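*Asks:* Structure file data.pdb, PDB, C-alpha atoms, is pasted below:
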ATOM      1  CA  MET A 250      40.666 125.952 183.568
ATOM      2  CA  LYS A 251      41.576 127.738 180.369
ATOM      3  CA  HIS A 252      39.739 126.436 177.297
ATOM      4  CA  GLU A 253      40.990 127.462 173.852
ATOM      5  CA  ILE A 254      39.458 126.405 170.550
ATOM      6  CA  ILE A 255      42.076 126.255 167.803
ATOM      7  CA  GLU A 256      41.019 126.790 164.200
ATOM      8  CA  ILE A 257      43.156 124.853 161.733
ATOM      9  CA  PRO A 258      43.270 125.751 158.030
ATOM     10  CA  VAL A 259      41.871 123.041 155.729
ATOM     11  CA  ILE A 260      40.883 120.759 158.648
ATOM     12  CA  SER A 261      38.355 123.112 160.250
ATOM     13  CA  ASP A 262      36.803 123.968 156.881
ATOM     14  CA  ALA A 263      36.505 120.289 155.884
ATOM     15  CA  ILE A 264      34.806 119.397 159.158
ATOM     16  CA  ARG A 265      32.355 122.284 158.779
ATOM     17  CA  ARG A 266      31.453 121.106 155.262
ATOM     18  CA  LEU A 267      30.501 117.746 156.796
ATOM     19  CA  GLY A 268      28.061 119.639 159.006
ATOM     20  CA  ALA A 269      29.688 118.469 162.245
ATOM     21  CA  PRO A 270      29.111 120.875 165.144
ATOM     22  CA  THR A 271      32.641 120.513 166.533
ATOM     23  CA  SER A 272      36.052 122.128 166.616
ATOM     24  CA  ALA A 273      39.048 120.340 165.152
ATOM     25  CA  LEU A 274      41.167 120.977 168.226
ATOM     26  CA  THR A 275      40.756 122.266 171.762
ATOM     27  CA  ARG A 276      43.515 123.040 174.241
ATOM     28  CA  VAL A 277      42.733 122.765 177.957
ATOM     29  CA  ASP A 278      45.384 123.086 180.675
ATOM     30  CA  GLY A 279      48.296 121.937 178.508
ATOM     31  CA  LEU A 280      46.395 119.090 176.855
ATOM     32  CA  LEU A 281      45.208 118.907 173.256
ATOM     33  CA  TYR A 282      41.948 117.175 172.389
ATOM     34  CA  THR A 283      41.278 116.511 168.731
ATOM     35  CA  CYS A 284      37.864 115.875 167.325
ATOM     36  CA  GLY A 285      37.175 112.568 165.653
ATOM     37  CA  MET A 286      39.289 113.168 162.556
ATOM     38  CA  PRO A 287      37.768 111.881 159.327
ATOM     39  CA  PRO A 288      39.994 110.979 156.372
ATOM     40  CA  ILE A 289      40.696 114.473 155.047
ATOM     41  CA  ASP A 290      42.956 115.232 152.102
ATOM     42  CA  LEU A 291      45.220 118.003 153.408
ATOM     43  CA  LYS A 292      45.598 119.632 149.979
ATOM     44  CA  SER A 293      41.990 119.725 148.829
ATOM     45  CA  GLY A 294      40.133 119.495 152.134
ATOM     46  CA  GLU A 295      37.930 116.800 150.630
ATOM     47  CA  ILE A 296      37.105 113.436 152.171
ATOM     48  CA  VAL A 297      39.461 110.730 150.943
ATOM     49  CA  LYS A 298      37.741 107.835 149.201
ATOM     50  CA  GLY A 299      39.219 104.376 148.996
ATOM     51  CA  ASP A 300      39.860 101.297 151.094
ATOM     52  CA  ILE A 301      40.386 101.334 154.854
ATOM     53  CA  THR A 302      44.172 101.501 154.473
ATOM     54  CA  THR A 303      43.911 104.666 152.369
ATOM     55  CA  GLN A 304      41.353 106.219 154.711
ATOM     56  CA  THR A 305      43.366 105.352 157.840
ATOM     57  CA  ARG A 306      46.485 106.949 156.395
ATOM     58  CA  ALA A 307      44.488 110.103 155.561
ATOM     59  CA  CYS A 308      43.127 110.240 159.134
ATOM     60  CA  MET A 309      46.604 109.848 160.599
ATOM     61  CA  GLU A 310      48.091 112.476 158.284
ATOM     62  CA  ALA A 311      45.312 114.915 159.248
ATOM     63  CA  LEU A 312      45.891 114.162 162.946
ATOM     64  CA  GLY A 313      49.633 114.690 162.533
ATOM     65  CA  PHE A 314      49.042 118.015 160.799
ATOM     66  CA  THR A 315      46.642 119.053 163.570
ATOM     67  CA  LEU A 316      49.086 118.095 166.326
ATOM     68  CA  ARG A 317      52.009 119.891 164.652
ATOM     69  CA  TYR A 318      49.850 123.000 164.179
ATOM     70  CA  ALA A 319      49.483 123.122 167.971
ATOM     71  CA  ASP A 320      53.183 122.385 168.700
ATOM     72  CA  SER A 321      52.697 118.723 169.514
ATOM     73  CA  SER A 322      53.294 115.407 167.763
ATOM     74  CA  PHE A 323      52.421 111.727 167.703
ATOM     75  CA  GLU A 324      55.151 111.190 170.308
ATOM     76  CA  ARG A 325      53.059 113.270 172.730
ATOM     77  CA  VAL A 326      49.810 111.336 172.209
ATOM     78  CA  PHE A 327      48.838 109.336 175.284
ATOM     79  CA  LYS A 328      45.275 108.307 174.376
ATOM     80  CA  SER A 329      43.478 107.636 171.113
ATOM     81  CA  LEU A 330      40.098 106.389 170.056
ATOM     82  CA  VAL A 331      39.390 104.779 166.698
ATOM     83  CA  PHE A 332      35.903 104.383 165.237
ATOM     84  CA  ILE A 333      35.512 101.926 162.353
ATOM     85  CA  THR A 334      32.408 100.796 160.515
ATOM     86  CA  ASP A 335      33.366  97.120 160.152
ATOM     87  CA  ASN A 336      35.308  94.771 162.462
ATOM     88  CA  ASP A 337      37.131  93.394 159.409
ATOM     89  CA  PHE A 338      38.846  96.798 159.079
ATOM     90  CA  ALA A 339      40.761  96.360 162.355
ATOM     91  CA  GLY A 340      43.716  94.467 160.858
ATOM     92  CA  PRO A 341      44.438  96.831 157.949
ATOM     93  CA  MET A 342      43.805  99.867 160.176
ATOM     94  CA  ASN A 343      46.272  98.547 162.777
ATOM     95  CA  ALA A 344      48.940  98.024 160.102
ATOM     96  CA  VAL A 345      48.815 101.722 159.172
ATOM     97  CA  TYR A 346      48.334 102.946 162.762
ATOM     98  CA  ARG A 347      51.547 101.179 163.880
ATOM     99  CA  GLU A 348      53.597 103.222 161.392
ATOM    100  CA  TYR A 349      52.777 106.453 163.232
ATOM    101  CA  PHE A 350      53.831 105.176 166.678
ATOM    102  CA  PRO A 351      57.237 103.487 166.135
ATOM    103  CA  ASN A 352      58.401 104.159 169.700
ATOM    104  CA  GLY A 353      55.404 102.733 171.571
ATOM    105  CA  PHE A 354      51.667 103.019 171.481
ATOM    106  CA  PRO A 355      49.340 105.292 173.415
ATOM    107  CA  ALA A 356      46.413 103.783 175.275
ATOM    108  CA  ARG A 357      43.753 103.174 172.650
ATOM    109  CA  SER A 358      40.181 102.071 172.253
ATOM    110  CA  CYS A 359      38.698 100.856 168.983
ATOM    111  CA  VAL A 360      34.948 100.827 168.521
ATOM    112  CA  THR A 361      32.865  99.471 165.663
ATOM    113  CA  ILE A 362      29.941 101.742 164.888
ATOM    114  CA  ARG A 363      27.088 102.078 162.455
ATOM    115  CA  PRO A 364      28.452 103.225 159.059
ATOM    116  CA  TRP A 365      28.694 106.899 158.149
ATOM    117  CA  THR A 366      27.701 108.115 154.736
ATOM    118  CA  HIS A 367      31.060 109.492 153.605
ATOM    119  CA  PHE A 368      33.840 107.398 155.213
ATOM    120  CA  ASP A 369      34.654 104.243 157.207
ATOM    121  CA  ILE A 370      37.005 105.496 159.924
ATOM    122  CA  GLU A 371      37.483 108.373 162.330
ATOM    123  CA  ILE A 372      40.329 108.761 164.836
ATOM    124  CA  GLU A 373      40.689 111.135 167.765
ATOM    125  CA  CYS A 374      43.471 111.613 170.272
ATOM    126  CA  ILE A 375      44.604 113.437 173.379
ATOM    127  CA  ALA A 376      48.167 114.749 173.530
ATOM    128  CA  THR A 377      50.384 116.999 175.566
ATOM    129  CA  VAL A 378      51.867 120.155 174.106
ATOM    130  CA  ASP A 379      55.613 120.188 173.323
TER
END
Could you spell out this file's structure in structure tokens?
*Replies:*
Amino acid sequence: MKHEIIEIPVISDAIRRLGAPTSALTRVDGLLYTCGMPPIDLKSGEIVKGDITTQTRACMEALGFTLRYADSSFERVFKSLVFITDNDFAGPMNAVYREYFPNGFPARSCVTIRPWTHFDIEIECIATVD
């Protein structure tokens, strides 16, 4: 089993600044595993502030950037996991999430967790490589 850690400009640096001991992306046997992606602004590398809709969109944009960097896409995602800090966020999060999967949804779990300090949502996924 070949295991490759992929460093991604902006994303990897932003995650390190949060102090998370993780890699943004790992490739194993033709599959891509993202870390739990916080709402990162792709230009500044800073955490996006705002309501759950704004934060969800930032997470999805960061995931899309990460997948494209590794020659994949949302169309290749077959599993995702969403962490939110409040059950009331599920509806607005789902509204944004749907936009990124117009041709059908991957299997997904959504878990409500204890709040983080800096943001209210984190999304990870597993995808195949194009």
*Asks:* Specify as a PyMOL selection string each residue included when the PyMOL selection byres ((chain A and resi 296-304) around 8) is applied to this file.
*Replies:* chain A and resi 263+287-290+294-295+305-308+338+341-342+345+367-370
*Asks:* Please tabulate, as a Markdown table, the residues of range 310-347 of chain A that come within 12 Å of range 274-283 of chain A, each with its closest pair of atoms and the distance in Å to one decimal, counting only C-alpha atoms and ordering rows by chain, then residue number upward.
*Replies:*
| residue | atom | partner | partner_atom | distance |
| --- | --- | --- | --- | --- |
| A:Ala311 | CA | A:Thr283 | CA | 10.4 |
| A:Leu312 | CA | A:Thr283 | CA | 7.8 |
| A:Gly313 | CA | A:Thr283 | CA | 10.6 |
| A:Phe314 | CA | A:Thr283 | CA | 11.2 |
| A:Thr315 | CA | A:Leu274 | CA | 7.4 |
| A:Leu316 | CA | A:Leu281 | CA | 8.0 |
| A:Arg317 | CA | A:Leu281 | CA | 11.0 |
| A:Tyr318 | CA | A:Leu274 | CA | 9.8 |
| A:Ala319 | CA | A:Leu281 | CA | 8.0 |
| A:Asp320 | CA | A:Leu281 | CA | 9.8 |
| A:Ser321 | CA | A:Leu281 | CA | 8.4 |
| A:Ser322 | CA | A:Leu281 | CA | 10.4 |
| A:Phe323 | CA | A:Leu281 | CA | 11.6 |
| A:Arg325 | CA | A:Leu281 | CA | 9.7 |
| A:Val326 | CA | A:Leu281 | CA | 8.9 |
| A:Phe327 | CA | A:Leu280 | CA | 10.2 |
| A:Lys328 | CA | A:Tyr282 | CA | 9.7 |
| A:Ser329 | CA | A:Thr283 | CA | 9.4 |
| A:Leu330 | CA | A:Thr283 | CA | 10.3 |
*Asks:* Kindly give the distance, in Å, that separates CA of Ile257 in chain A and CA of Ser272 in chain A, rounded to a single decimal.
*Replies:*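 Interatomic distance, CA of Ile257 in chain A to CA of Ser272 in chain A: 9.0 Å.
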*Asks:* Just the number, please: distance in Å from CA of Met286 in chain A to CA of Ile372 in chain A, one decimal.
*Replies:*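 Computing it gives 5.1 Å between the two atoms.
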*Asks:* Which value, in Å to one decimal, gives the distance between CA of Phe332 in chain A and CA of Thr361 in chain A?
*Replies:* 5.8 Å
*Asks:* Given the choices A:Cys284, A:Met309, A:Cys359, A:Leu291, which gets closest to Ala269 in chain A if the distance is worked out from only C-alpha atoms?
*Replies:*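 Looking only at the distances to Ala269 in chain A, the closest residue turns out to be A:Cys284.
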*Asks:* As AutoDock Vina command-line options, please report the centre and edge lengths, rounded to one decimal in Å, of the axis-aligned box that holds all listed atoms of range 279-294 of chain A with 5 Å of padding on each of the six sides.
*Replies:*
--center_x 42.7 --center_y 116.5 --center_z 163.7 --size_x 21.1 --size_y 21.0 --size_z 39.7
